[in-house]
Amino acid sequence: MERLNGPDGATLLNIYGKVSLIKQCDERLIRLIRSGRLAAPYYSPRGQEVIPAAISVLLNDDDYVVTIYRGLHDHLAKGVPLKGLLAEYFGRAAGHCKGKGGPMHITHPASGVVMTTGIVGSGIPIANGLGWASQLRGDGRIAVTNFGDGASNIGAFHEGLNLAAVWKLPVIFVCQNNQWAEHTSLAGGTSVTDIANRGAAYDMPSILVDGNDARAMWGAAREAVERARNGGGPTLIEAKTFRFNGHNLGDPAHYIPEEELAAWQLRDPHPALRALLIAEGHATEAEIAAIEESIAAEIEDAVAYAMEQPYPDESEGRLDIYDEEIAI
Amino acid sequence: MERLNGPDGATLLNIYGKVSLIKQCDERLIRLIRSGRLAAPYYSPRGQEVIPAAISVLLNDDDYVVTIYRGLHDHLAKGVPLKGLLAEYFGRAAGHCKGKGGPMHITHPASGVVMTTGIVGSGIPIANGLGWASQLRGDGRIAVTNFGDGASNIGAFHEGLNLAAVWKLPVIFVCQNNQWAEHTSLAGGTSVTDIANRGAAYDMPSILVDGNDARAMWGAAREAVERARNGGGPTLIEAKTFRFNGHNLGDPAHYIPEEELAAWQLRDPHPALRALLIAEGHATEAEIAAIEESIAAEIEDAVAYAMEQPYPDESEGRLDIYDEEIAI
Amino acid sequence: MTTGTENRADERTVTCADAVQEALAEAMERDDSVIVLGEDVADLQGGGIRGCTQGLSTRFGDGRVRSTPISEQAIIGAAVGAAIAGMRPVAEIMLMNFITVAMDQIVNHAAKTRYMSGGQASVPLTIRTMTGAGAGTGGQHSDMLEAWLAHVPGLKIAVPSTAADYKALLTACIFDDNPCIFIENTLQLKSKGSLIANEKPLPLGKARIVRSGSDVTLISYGRPMIDAEKVAASLGDQGLSVELIDLRTIVPFDEETILNSVAKTGRAVVLHEAVKRFGVGAEIASRIHEELFADLKKPVLRLGMPYTPVPFSSALEKPILWNADKIEAAIRSLM
Amino acid sequence: MTTGTENRADERTVTCADAVQEALAEAMERDDSVIVLGEDVADLQGGGIRGCTQGLSTRFGDGRVRSTPISEQAIIGAAVGAAIAGMRPVAEIMLMNFITVAMDQIVNHAAKTRYMSGGQASVPLTIRTMTGAGAGTGGQHSDMLEAWLAHVPGLKIAVPSTAADYKALLTACIFDDNPCIFIENTLQLKSKGSLIANEKPLPLGKARIVRSGSDVTLISYGRPMIDAEKVAASLGDQGLSVELIDLRTIVPFDEETILNSVAKTGRAVVLHEAVKRFGVGAEIASRIHEELFADLKKPVLRLGMPYTPVPFSSALEKPILWNADKIEAAIRSLM
Ligand SMILES: Cc1ncc(C[n+]2csc(CCOP(=O)(O)OP(=O)(O)O)c2C)c(N)n1
Ligand SMILES: Cc1ncc(C[n+]2csc(CCOP(=O)(O)OP(=O)(O)O)c2C)c(N)n1
Ligand SMILES: [Mg+2]
Ligand SMILES: [Mg+2]
């Protein structure tokens with residue numbers, strides 16, 4: 001049955017392209033910040049790349065994505081153009097949000113990324129509204145909303161999932177369970193071991209998946225995307241993964257036990273997918289290296305672009321508070 | 001095993017006394033309001049009497065109860081003195097809250113009733129704080145927090161149950177599922193059929209019980225009270241019941257299908273418990289009638305008392321904003 | 001609320017609740033993107049606890065008019081999302097005190113999304129909510145919290161005082177491209193006033209000079225306007241000329257009309273239902289002082305609720321509310 | 001933050017974060033009923049993301065110092081319940097923008113319970129929260145929202161500006177029998193100041209006259225005090241005598257000190273970080289105008305953030321914040 005087929009080689013390669021872009025971009029940003037050339041709050045998604053990469057290859061450009069401060073991977077996977085993204089990190093006028101949003105608040109409607117929030121859990125109810133609009137228009141667009149394990153303990157999660165279930169909305173709730181919420185372990189704040197089990201509280205189909213396994217992640221996403229696309233309503237996906245860096249840059253994450261980190265590092269999704277592509281013959285080492293190099297070049301290009309953009313003029317700060325400037 | 005024993009006759013009679021008090025008081029209040037002699041927002045608990053009555057016989061005076069606008073049954077079952085309660089309904093100075101709270105905000109610490117809230121779901125997290133205090137002091141007090149089916153869809157429910165589970169608090173969450181949330185049916189707003197199933201989302205023991213069956217309700221409460229008392233942590237009880245009147249007085253409840261109401265009326269907990277007491281020989285018809293009459297007299301007495309109390313002086317309104325009056 | 005004259009041919013008398021319902025129905029008729037959500041708003045749930053949304057789900061379908069669970073964060077969140085997707089949602093928060101569970105969606109999301117996205121996203125939603133003291137509903141069901149929302153750049157806030165404005169201002173909110181808060185009054189919804197057919201649309205941000213006068217300016221909005229109007233009329237009969245301004249919109253508020261008036265009268269009273277301290281009146285009074293310091297004959301006087309939660313007992317609630325006597329005394333104290 | 005003199009023998013230099021930690025530790029030592037909760041506050045979670053609660057759980061036990069899930073309603077709700085049960089909880093809401101998900105517990109419950117219960121229940125809790133613009137954290141992590149809370153009768157609000165006040169005001173909040181909000185500044189927590197051993201306790205509601213003067217009164221609180229102090233000093237050197245008042249407590253605020261000062265100087269500037277419109281400055285300016293209308297030489301001037309969300313880019317954020325030049329210009333404009 002088609003349904004049971006995994007992703008083909010081209011799809012896996014496509015996923016890998018996104019994973020590599022995210023990983024390289026993350027590393028580049030960390031270098032820029034550490035070297036003092038970029039001043040921005042930064043929440044590294046290193047280790048979680050496969051989740052949005054595998055989902056995104058199943059989405060259309062106009063499908064919606066909502067994400068959080070830890071959103072670089074979600075943005076890039078969905079196709080937010082790199083130059084404007086980095087210009088936004090640098091607070092420049094050419095940033096997608098003209099420097100007003102910053103890394104925590106990326107919006108790029110053409111890629112479907114309509115909301116990046118810094119408030120834990122708040123993107124969940126917003127995704128419902130996107131799904132409602134699609135449902136009314138019958139345009140087939142679906143909404144994916146990303147959040148962490150810690151977010152599954154906040155009220156907005158509960159209200160959002162319940163409403164989506166009652167209204168049978170075309171929304172996919174993706175819990176990127178990276179085992180930590182700031183400095184608190186999963187068990188420290190969350191009363192269940194598997195967040196996927198919370199789906200039953202809403203009679204919502206739930207999928208527990210290894211978010212570091214591209215094949216499995218793609219399979220889970222496909223099930224959810226098909227359900228949403230076909231009017232079958234929402235799905236809760238819990239993708240188990242790990243946050244390889246501190247909560248934000250500057251957090252040495254001393255609270256993470258060394259063995260825990262070491263065990264997860266053995267399951268780093270990036271080398272795993274890379275090795276799989278070669279082992280299964282979807283690409284040669286040389287082909288992959290070429291992809292990686294072209295991504296590296298693209299990133300260098302975008303960094304150079306971003307850094308040479310001008311800052312927004314002070315007057316820009318007075319625009320976009322309302323649709324028209326009002327005297328107040 | 002003791003554990004499996006039901007309530008004895010004296011306990012059932014005790015429960016009945018509370019049920020009768022609640023039912024008669026409810027009817028009296030409705031007459032007072034309908035006749036224009038009392039002006040107060042009123043949310044009748046008619047049909048839900050057995051739930052708090054059966055729980056309360058298992059509680060100590062100093063165990064905490066938190067409840068909602070629809071709280072008359074919870075207040076009376078826990079032992080809030082009637083005179084001060086009715087005086088509060090009438091907005092008099094002798095009301096438990098000096099007329100400042102009103103029916104929606106009854107507090108009477110000596111009976112353990114420390115909070116009556118008008119905000120759906122908000123009593124749930126507050127009960128956790130009461131439980132935390134008990135846990136720290138090791139004083140064995142437990143907290144019971146009451147709320148409706150509709151409340152199980154609000155964020156505070158989720159946050160409250162999760163925290164209680166993580167902290168293993170001595171709190172009992174009693175969902176009085178009366179099938180309706182204002183004008184919305186259970187299915188209209190709630191994605192699960194049995195709210196008890198939501199306990200699993202917190203790894204919390206849950207009990208689904210017929211809230212109109214005194215014996216079953218007592219059994220469920222006993223299990224939860226014992227667990228809380230013995231350090232076993234929280235329990236979610238879903239007590240199925242029905243709201244025989246409109247949401248508040250004045251709501252004709254046209255939205256409730258006639259057959260649904262009729263079917264539940266056959267399961268009215270008051271006559272059922274009365275009949276059971278007689279059938280099992282715990283009391284004679286005459287004994288019960290005597291109890292009922294003495295309750296009726298007590299109510300008449302309290303109504304008369306309340307109505308002849310003076311209104312609070314205007315200056316009373318300036319007190320209790322802070323511990324000391326501050327000039328602002 | 002009364003016109004003082006016989007109805008004109010194109011005039012109808014309706015309740016404020018009807019006016020809201022008409023505004024919604026006409027907006028939904030005119031524009032498919034107008035959608036409605038909130039607790040009990042669909043007809044299966046009675047069309048709103050005050051009937052403000054009656055008939056809408058039957059007429060426009062269960063897709064566009066949806067009753068919700070008791071989940072205010074989910075309500076406003078869904079409205080934010082739908083608005084970003086290009087709809088014009090009208091969300092009802094049953095009572096204003098319940099915005100306290102949804103402030104994050106209102107403040108951090110609805111209000112800021114246009115700005116934080118650099119203008120790429122727009123959030124044309126309207127939040128209807130109801131509140132008001134004086135009905136004996138106690139501490140958690142009576143608060144006027146417009147001052148909070150006014151302190152949040154990105155929102156617009158309208159508070160109607162007549163049936164006509166219930167309709168016109170709500171219509172303006174719905175078709176405004178910014179997130180708007182529309183504050184209805186619990187006690188006023190059942191009272192009546194007249195609507196004129198095909199009245200031209202009302203812009204947000206324009207006050208109404210209810211009565212012109214030369215001795216003192218009285219500025220108010222919402223339900224207190226009823227008493228304000230009575231006092232202005234009665235003082236007028238006694239030869240004290242009050243210019244009465246109905247603010248209508250709190251953000252943006254019509255500074256021009258206020259300042260022109262006070263420049264003329266040299267005296268002003270600002271009256272609102274909300275707690276006086278840190279209330280909207282403080283901003284208005286400050287603006288008048290800042291701009292017209294030299295012209296003022298007396299300091300601007302503020303009337304509002306004393307610094308207290310709303311008590312239940314009528315014996316306590318009544319004394320803390322505005323009334324005609326207090327308004328008159330305030331005005332006289334300036335003369 | 002600098003004393004300008006050498007430390008005295010009983011004086012120590014600490015960061016504001018240390019001052020908070022000391023206040024908490026001493027309060028917990030002194031009174032068993034003082035308990036602490038919030039995200040990441042226990043030592044297993046690093047003792048707070050700014051170290052303000054470091055060591056407390058180790059010293060006083062995991063029972064009294066608890067890290068919580070990300071559940072602000074549950075945090076404040078638990079604090080309300082524990083306070084009603086007789087404890088003195090100190091709850092941390094990591095950043096002030098996150099109070100938006102907990103406003104119901106703060107406003108409808110913490111603030112009103114004493115009143116609605118007719119004085120039978122007391123809610124002696126303290127909410128510590130952190131905020132402040134200027135660090136490039138953007139629209140959802142920078143807001144000063146004290147004006148909202150000041151509009152809610154029943155709460156007290158303190159905003160420290162020196163390390164000594166971080167300790168003293170927090171201590172006062174913890175032992176106050178009313179719900180108190182204590183607002184820390186993200187950028188200031190790492191900066192240093194001096195603590196004096198056995199300083200006598202500070203009452204809430206008393207302002208501090210940082211510098212006396214005769215030409216103009218400058219009133220502020222929180223982080224802007226640093227620039228206010230610099231400007232007052234530099235203008236003093238130039239012969240313009242500024243009386244500088246650190247409000248310390250927003251509710252209740254020290255009207256007496258303010259009015260006495262302005263009665264003397266006849267001129268006032270109110271400065272705060274929050275959005276100027278509908279901000280705390282409007283109330284203060286209104287009170288001054290109301291009480292000292294005849295004594296004022298010029299209208300009271302307010303300085304605050306323009307009506308905008310906080311932008312991310314430093315090129316946009318810097319210009320909307322106060323600074324020494326703006327303060328000086330404001331003062332000079334009154335002379
Ligand atoms: C309502 C709210 N509370 C607290 C915070 C502070 N905060 C930011 S990220 C975070 C941890 C979130 O953990 P999780 O949901 O697991 O996502 P992750 O950061 O691991 O991706 C916290 C507590 C916030 N932004 N919003
Ligand atoms: C946060 C909040 N939203 C809405 C309301 C209005 N409201 C009061 S009672 C109620 C229905 C509650 O239903 P349920 O929880 O089932 O309790 P019941 O009234 O049936 O006892 C609603 C929506 C409220 N009080 N608080
Ligand atoms: Mg996480
Ligand atoms: Mg119910």
# chains A, B, ... in the order shown; residues from 1 in each chain; ligands from 1

$ residues_near_ligand --ligand "ligand 3" --cutoff "6 Å" --atoms "only C-alpha atoms and all ligand atoms" --output "PyMOL selection string"
chain A and resi 148-150+177-181

$ write_last_selection --atoms "C-alpha atoms" --output "PDB file, in the first residue's frame"
ATOM      1  CA  GLY A 148       8.107  22.393  23.050  1.00  0.00           C
ATOM      2  CA  ASP A 149       7.541  19.812  25.734  1.00  0.00           C
ATOM      3  CA  GLY A 150       7.326  22.528  28.364  1.00  0.00           C
ATOM      4  CA  ASN A 177       9.956  17.229  22.829  1.00  0.00           C
ATOM      5  CA  ASN A 178      13.593  18.114  23.319  1.00  0.00           C
ATOM      6  CA  GLN A 179      13.468  16.859  26.931  1.00  0.00           C
ATOM      7  CA  TRP A 180      14.149  20.260  28.495  1.00  0.00           C
ATOM      8  CA  ALA A 181      12.169  23.419  29.125  1.00  0.00           C
TER       9      ALA A 181
END

$ closest_atom_pairs --of "chain A" --to "ligand 1" --cutoff "9 Å" --atoms "only C-alpha atoms and all ligand atoms" --output "JSON lines"
{"residue": "A:Tyr43", "atom": "CA", "partner": "ligand 1", "partner_atom_place_in_ligand_line": "19 (O)", "distance": 7.4}
{"residue": "A:Ser44", "atom": "CA", "partner": "ligand 1", "partner_atom_place_in_ligand_line": "21 (O)", "distance": 8.7}
{"residue": "A:Pro45", "atom": "CA", "partner": "ligand 1", "partner_atom_place_in_ligand_line": "21 (O)", "distance": 7.6}
{"residue": "A:Ile68", "atom": "CA", "partner": "ligand 1", "partner_atom_place_in_ligand_line": "21 (O)", "distance": 7.6}
{"residue": "A:Tyr69", "atom": "CA", "partner": "ligand 1", "partner_atom_place_in_ligand_line": "9 (S)", "distance": 7.5}
{"residue": "A:Arg70", "atom": "CA", "partner": "ligand 1", "partner_atom_place_in_ligand_line": "21 (O)", "distance": 5.6}
{"residue": "A:Gly71", "atom": "CA", "partner": "ligand 1", "partner_atom_place_in_ligand_line": "21 (O)", "distance": 8.4}
{"residue": "A:Thr117", "atom": "CA", "partner": "ligand 1", "partner_atom_place_in_ligand_line": "25 (N)", "distance": 8.4}
{"residue": "A:Gly118", "atom": "CA", "partner": "ligand 1", "partner_atom_place_in_ligand_line": "25 (N)", "distance": 5.2}
{"residue": "A:Ile119", "atom": "CA", "partner": "ligand 1", "partner_atom_place_in_ligand_line": "26 (N)", "distance": 3.9}
{"residue": "A:Val120", "atom": "CA", "partner": "ligand 1", "partner_atom_place_in_ligand_line": "26 (N)", "distance": 3.9}
{"residue": "A:Gly121", "atom": "CA", "partner": "ligand 1", "partner_atom_place_in_ligand_line": "1 (C)", "distance": 6.8}
{"residue": "A:Ser122", "atom": "CA", "partner": "ligand 1", "partner_atom_place_in_ligand_line": "1 (C)", "distance": 7.6}
{"residue": "A:Phe147", "atom": "CA", "partner": "ligand 1", "partner_atom_place_in_ligand_line": "15 (O)", "distance": 5.8}
{"residue": "A:Gly148", "atom": "CA", "partner": "ligand 1", "partner_atom_place_in_ligand_line": "15 (O)", "distance": 3.3}
{"residue": "A:Asp149", "atom": "CA", "partner": "ligand 1", "partner_atom_place_in_ligand_line": "16 (O)", "distance": 3.9}
{"residue": "A:Gly150", "atom": "CA", "partner": "ligand 1", "partner_atom_place_in_ligand_line": "15 (O)", "distance": 3.5}
{"residue": "A:Ala151", "atom": "CA", "partner": "ligand 1", "partner_atom_place_in_ligand_line": "15 (O)", "distance": 3.8}
{"residue": "A:Ser152", "atom": "CA", "partner": "ligand 1", "partner_atom_place_in_ligand_line": "15 (O)", "distance": 6.9}
{"residue": "A:Asn153", "atom": "CA", "partner": "ligand 1", "partner_atom_place_in_ligand_line": "15 (O)", "distance": 8.3}
{"residue": "A:Ile154", "atom": "CA", "partner": "ligand 1", "partner_atom_place_in_ligand_line": "1 (C)", "distance": 7.5}
{"residue": "A:Cys175", "atom": "CA", "partner": "ligand 1", "partner_atom_place_in_ligand_line": "15 (O)", "distance": 8.4}
{"residue": "A:Gln176", "atom": "CA", "partner": "ligand 1", "partner_atom_place_in_ligand_line": "21 (O)", "distance": 6.9}
{"residue": "A:Asn177", "atom": "CA", "partner": "ligand 1", "partner_atom_place_in_ligand_line": "16 (O)", "distance": 6.4}
{"residue": "A:Asn178", "atom": "CA", "partner": "ligand 1", "partner_atom_place_in_ligand_line": "20 (O)", "distance": 5.6}
{"residue": "A:Gln179", "atom": "CA", "partner": "ligand 1", "partner_atom_place_in_ligand_line": "16 (O)", "distance": 6.9}
{"residue": "A:Trp180", "atom": "CA", "partner": "ligand 1", "partner_atom_place_in_ligand_line": "20 (O)", "distance": 5.1}
{"residue": "A:Ala181", "atom": "CA", "partner": "ligand 1", "partner_atom_place_in_ligand_line": "13 (O)", "distance": 3.3}
{"residue": "A:Glu182", "atom": "CA", "partner": "ligand 1", "partner_atom_place_in_ligand_line": "11 (C)", "distance": 4.3}
{"residue": "A:His183", "atom": "CA", "partner": "ligand 1", "partner_atom_place_in_ligand_line": "11 (C)", "distance": 7.8}
{"residue": "A:Thr184", "atom": "CA", "partner": "ligand 1", "partner_atom_place_in_ligand_line": "11 (C)", "distance": 8.1}
{"residue": "A:Ser185", "atom": "CA", "partner": "ligand 1", "partner_atom_place_in_ligand_line": "16 (O)", "distance": 8.7}
{"residue": "A:Leu186", "atom": "CA", "partner": "ligand 1", "partner_atom_place_in_ligand_line": "16 (O)", "distance": 7.9}
{"residue": "A:Phe242", "atom": "CA", "partner": "ligand 1", "partner_atom_place_in_ligand_line": "20 (O)", "distance": 8.6}
{"residue": "A:Arg243", "atom": "CA", "partner": "ligand 1", "partner_atom_place_in_ligand_line": "20 (O)", "distance": 7.0}
{"residue": "A:His247", "atom": "CA", "partner": "ligand 1", "partner_atom_place_in_ligand_line": "19 (O)", "distance": 6.1}
{"residue": "A:Asn248", "atom": "CA", "partner": "ligand 1", "partner_atom_place_in_ligand_line": "19 (O)", "distance": 8.3}

$ write_last_selection --atoms "C-alpha atoms" --output "PDB file, in the first residue's frame"
ATOM      1  CA  TYR A  43      17.732  29.786  20.810  1.00  0.00           C
ATOM      2  CA  SER A  44      19.562  27.076  18.914  1.00  0.00           C
ATOM      3  CA  PRO A  45      17.496  24.302  17.323  1.00  0.00           C
ATOM      4  CA  ILE A  68       8.339  29.846  18.574  1.00  0.00           C
ATOM      5  CA  TYR A  69      11.488  31.758  19.570  1.00  0.00           C
ATOM      6  CA  ARG A  70      13.382  28.500  18.911  1.00  0.00           C
ATOM      7  CA  GLY A  71      12.296  28.718  15.312  1.00  0.00           C
ATOM      8  CA  THR A 117       5.906  33.918  19.137  1.00  0.00           C
ATOM      9  CA  GLY A 118       8.039  34.367  22.210  1.00  0.00           C
ATOM     10  CA  ILE A 119       5.229  33.407  24.563  1.00  0.00           C
ATOM     11  CA  VAL A 120       5.214  29.715  25.441  1.00  0.00           C
ATOM     12  CA  GLY A 121       2.121  27.967  24.083  1.00  0.00           C
ATOM     13  CA  SER A 122       0.491  30.980  22.484  1.00  0.00           C
ATOM     14  CA  PHE A 147       6.010  24.037  20.369  1.00  0.00           C
ATOM     15  CA  GLY A 148       8.107  22.393  23.050  1.00  0.00           C
ATOM     16  CA  ASP A 149       7.541  19.812  25.734  1.00  0.00           C
ATOM     17  CA  GLY A 150       7.326  22.528  28.364  1.00  0.00           C
ATOM     18  CA  ALA A 151       4.576  24.232  26.400  1.00  0.00           C
ATOM     19  CA  SER A 152       2.390  21.180  26.812  1.00  0.00           C
ATOM     20  CA  ASN A 153       1.864  22.242  30.430  1.00  0.00           C
ATOM     21  CA  ILE A 154       0.401  25.642  29.722  1.00  0.00           C
ATOM     22  CA  CYS A 175       5.374  18.984  20.068  1.00  0.00           C
ATOM     23  CA  GLN A 176       9.129  19.018  19.612  1.00  0.00           C
ATOM     24  CA  ASN A 177       9.956  17.229  22.829  1.00  0.00           C
ATOM     25  CA  ASN A 178      13.593  18.114  23.319  1.00  0.00           C
ATOM     26  CA  GLN A 179      13.468  16.859  26.931  1.00  0.00           C
ATOM     27  CA  TRP A 180      14.149  20.260  28.495  1.00  0.00           C
ATOM     28  CA  ALA A 181      12.169  23.419  29.125  1.00  0.00           C
ATOM     29  CA  GLU A 182      14.754  26.068  29.916  1.00  0.00           C
ATOM     30  CA  HIS A 183      16.488  24.416  32.892  1.00  0.00           C
ATOM     31  CA  THR A 184      13.682  22.006  33.778  1.00  0.00           C
ATOM     32  CA  SER A 185      13.709  18.399  32.690  1.00  0.00           C
ATOM     33  CA  LEU A 186      10.645  16.775  31.212  1.00  0.00           C
ATOM     34  CA  PHE A 242      17.039  16.611  22.113  1.00  0.00           C
ATOM     35  CA  ARG A 243      18.310  20.154  22.493  1.00  0.00           C
ATOM     36  CA  HIS A 247      18.304  26.993  26.244  1.00  0.00           C
ATOM     37  CA  ASN A 248      19.707  30.116  24.673  1.00  0.00           C
TER      38      ASN A 248
END

$ select_by_dssp --residues "segment 154-203 of chain A" --states "alpha helix (DSSP H)" --output "list in words"
Gly155, Ala156, Phe157, His158, Glu159, Gly160, Leu161, Asn162, Leu163, Ala164, Ala165, Val166, Trp167, Leu186, Ala187, Gly188 and Gly189 of chain A

$ write_last_selection --atoms "all heavy atoms" --output "compact mmCIF listing (two decimals), in the first residue's frame"
# COMPACT_ATOMS: atom_id res chain seq x y z
N GLY A 155 -1.85 26.50 29.76
CA GLY A 155 -3.28 26.51 29.45
C GLY A 155 -3.60 26.60 27.97
O GLY A 155 -4.54 25.95 27.50
N ALA A 156 -2.85 27.38 27.24
CA ALA A 156 -3.16 27.59 25.83
C ALA A 156 -3.10 26.28 25.04
O ALA A 156 -3.86 26.08 24.08
CB ALA A 156 -2.20 28.61 25.22
N PHE A 157 -2.22 25.39 25.44
CA PHE A 157 -2.13 24.06 24.80
C PHE A 157 -3.46 23.34 24.94
O PHE A 157 -4.03 22.84 23.96
CB PHE A 157 -1.00 23.27 25.47
CG PHE A 157 -0.99 21.78 25.15
CD1 PHE A 157 -0.29 21.30 24.05
CD2 PHE A 157 -1.65 20.88 25.98
CE1 PHE A 157 -0.28 19.93 23.77
CE2 PHE A 157 -1.63 19.51 25.70
CZ PHE A 157 -0.95 19.04 24.59
N HIS A 158 -3.94 23.31 26.13
CA HIS A 158 -5.18 22.59 26.44
C HIS A 158 -6.37 23.19 25.69
O HIS A 158 -7.13 22.48 25.01
CB HIS A 158 -5.39 22.67 27.95
CG HIS A 158 -6.60 21.98 28.47
ND1 HIS A 158 -6.76 20.61 28.44
CD2 HIS A 158 -7.71 22.47 29.08
CE1 HIS A 158 -7.91 20.29 29.01
NE2 HIS A 158 -8.51 21.40 29.40
N GLU A 159 -6.51 24.48 25.80
CA GLU A 159 -7.64 25.14 25.14
C GLU A 159 -7.55 24.97 23.63
O GLU A 159 -8.55 24.76 22.95
CB GLU A 159 -7.67 26.63 25.51
CG GLU A 159 -7.93 26.86 26.99
CD GLU A 159 -8.20 28.33 27.33
OE1 GLU A 159 -8.36 29.15 26.40
OE2 GLU A 159 -8.25 28.65 28.53
N GLY A 160 -6.34 25.07 23.12
CA GLY A 160 -6.15 24.98 21.69
C GLY A 160 -6.48 23.59 21.15
O GLY A 160 -7.18 23.44 20.15
N LEU A 161 -5.98 22.56 21.81
CA LEU A 161 -6.24 21.21 21.31
C LEU A 161 -7.71 20.84 21.43
O LEU A 161 -8.29 20.20 20.54
CB LEU A 161 -5.34 20.18 22.01
CG LEU A 161 -4.03 19.93 21.24
CD1 LEU A 161 -3.07 21.10 21.36
CD2 LEU A 161 -3.36 18.64 21.67
N ASN A 162 -8.32 21.26 22.52
CA ASN A 162 -9.75 20.94 22.69
C ASN A 162 -10.58 21.61 21.58
O ASN A 162 -11.43 20.96 20.96
CB ASN A 162 -10.22 21.41 24.07
CG ASN A 162 -11.69 21.08 24.31
OD1 ASN A 162 -12.10 19.92 24.25
ND2 ASN A 162 -12.50 22.10 24.54
N LEU A 163 -10.32 22.88 21.34
CA LEU A 163 -11.10 23.57 20.31
C LEU A 163 -10.88 22.94 18.93
O LEU A 163 -11.82 22.74 18.17
CB LEU A 163 -10.73 25.06 20.26
CG LEU A 163 -11.64 25.88 19.32
CD1 LEU A 163 -12.97 26.18 20.00
CD2 LEU A 163 -10.98 27.17 18.88
N ALA A 164 -9.64 22.62 18.63
CA ALA A 164 -9.34 22.02 17.32
C ALA A 164 -10.08 20.70 17.15
O ALA A 164 -10.58 20.38 16.06
CB ALA A 164 -7.84 21.81 17.18
N ALA A 165 -10.16 19.95 18.24
CA ALA A 165 -10.85 18.66 18.16
C ALA A 165 -12.35 18.87 17.98
O ALA A 165 -12.98 18.20 17.15
CB ALA A 165 -10.58 17.85 19.43
N VAL A 166 -12.93 19.80 18.73
CA VAL A 166 -14.37 20.04 18.62
C VAL A 166 -14.71 20.56 17.22
O VAL A 166 -15.73 20.19 16.64
CB VAL A 166 -14.85 21.02 19.71
CG1 VAL A 166 -16.32 21.38 19.53
CG2 VAL A 166 -14.64 20.43 21.10
N TRP A 167 -13.87 21.41 16.68
CA TRP A 167 -14.13 22.01 15.36
C TRP A 167 -13.52 21.21 14.21
O TRP A 167 -13.61 21.62 13.07
CB TRP A 167 -13.60 23.45 15.33
CG TRP A 167 -14.39 24.42 16.15
CD1 TRP A 167 -15.44 24.14 17.00
CD2 TRP A 167 -14.23 25.85 16.18
NE1 TRP A 167 -15.91 25.30 17.56
CE2 TRP A 167 -15.19 26.37 17.09
CE3 TRP A 167 -13.36 26.74 15.55
CZ2 TRP A 167 -15.31 27.75 17.36
CZ3 TRP A 167 -13.47 28.10 15.82
CH2 TRP A 167 -14.43 28.60 16.71
N LEU A 186 12.02 17.19 31.51
CA LEU A 186 10.65 16.78 31.21
C LEU A 186 9.94 16.35 32.49
O LEU A 186 8.85 16.83 32.81
CB LEU A 186 10.67 15.62 30.20
CG LEU A 186 9.30 15.16 29.72
CD1 LEU A 186 8.63 16.23 28.89
CD2 LEU A 186 9.41 13.87 28.93
N ALA A 187 10.56 15.46 33.25
CA ALA A 187 9.92 14.95 34.46
C ALA A 187 9.74 16.04 35.51
O ALA A 187 8.83 15.97 36.34
CB ALA A 187 10.74 13.80 35.04
N GLY A 188 10.57 17.06 35.46
CA GLY A 188 10.49 18.13 36.45
C GLY A 188 9.23 18.96 36.36
O GLY A 188 8.82 19.58 37.34
N GLY A 189 8.61 18.98 35.18
CA GLY A 189 7.45 19.84 35.04
C GLY A 189 6.23 19.19 34.42
O GLY A 189 5.15 19.76 34.40

$ closest_residue --among "B:Ile55, B:Val144, B:Ala275, B:Ile195" --to "ligand 4" --atoms "only C-alpha atoms and all ligand atoms"
B:Ile195

$ closest_residue --among "A:Leu82, A:Leu136, A:Ala200, A:Ala110" --to "chain B" --atoms "only C-alpha atoms"
A:Ala200

$ residues_around --residues "segment 218-235 of chain D" --least-positions-apart "3" --cutoff "9 Å" --atoms "only C-alpha atoms" --output "ChimeraX atom specification"
/D:1,132,159-162,183-185,187-188,210-211,238-250,258,267-273,281,322-325,327-328,331

$ interface_residues --of "chain C" --to "chain D" --cutoff "8 Å" --atoms "only C-alpha atoms" --output "PyMOL selection string"
chain C and resi 97-98+100-104+107-108+112+115-116+139-140+147-148+150-154+275+277-280+282-283+285-286+289-290+293+298-301+307-309+311
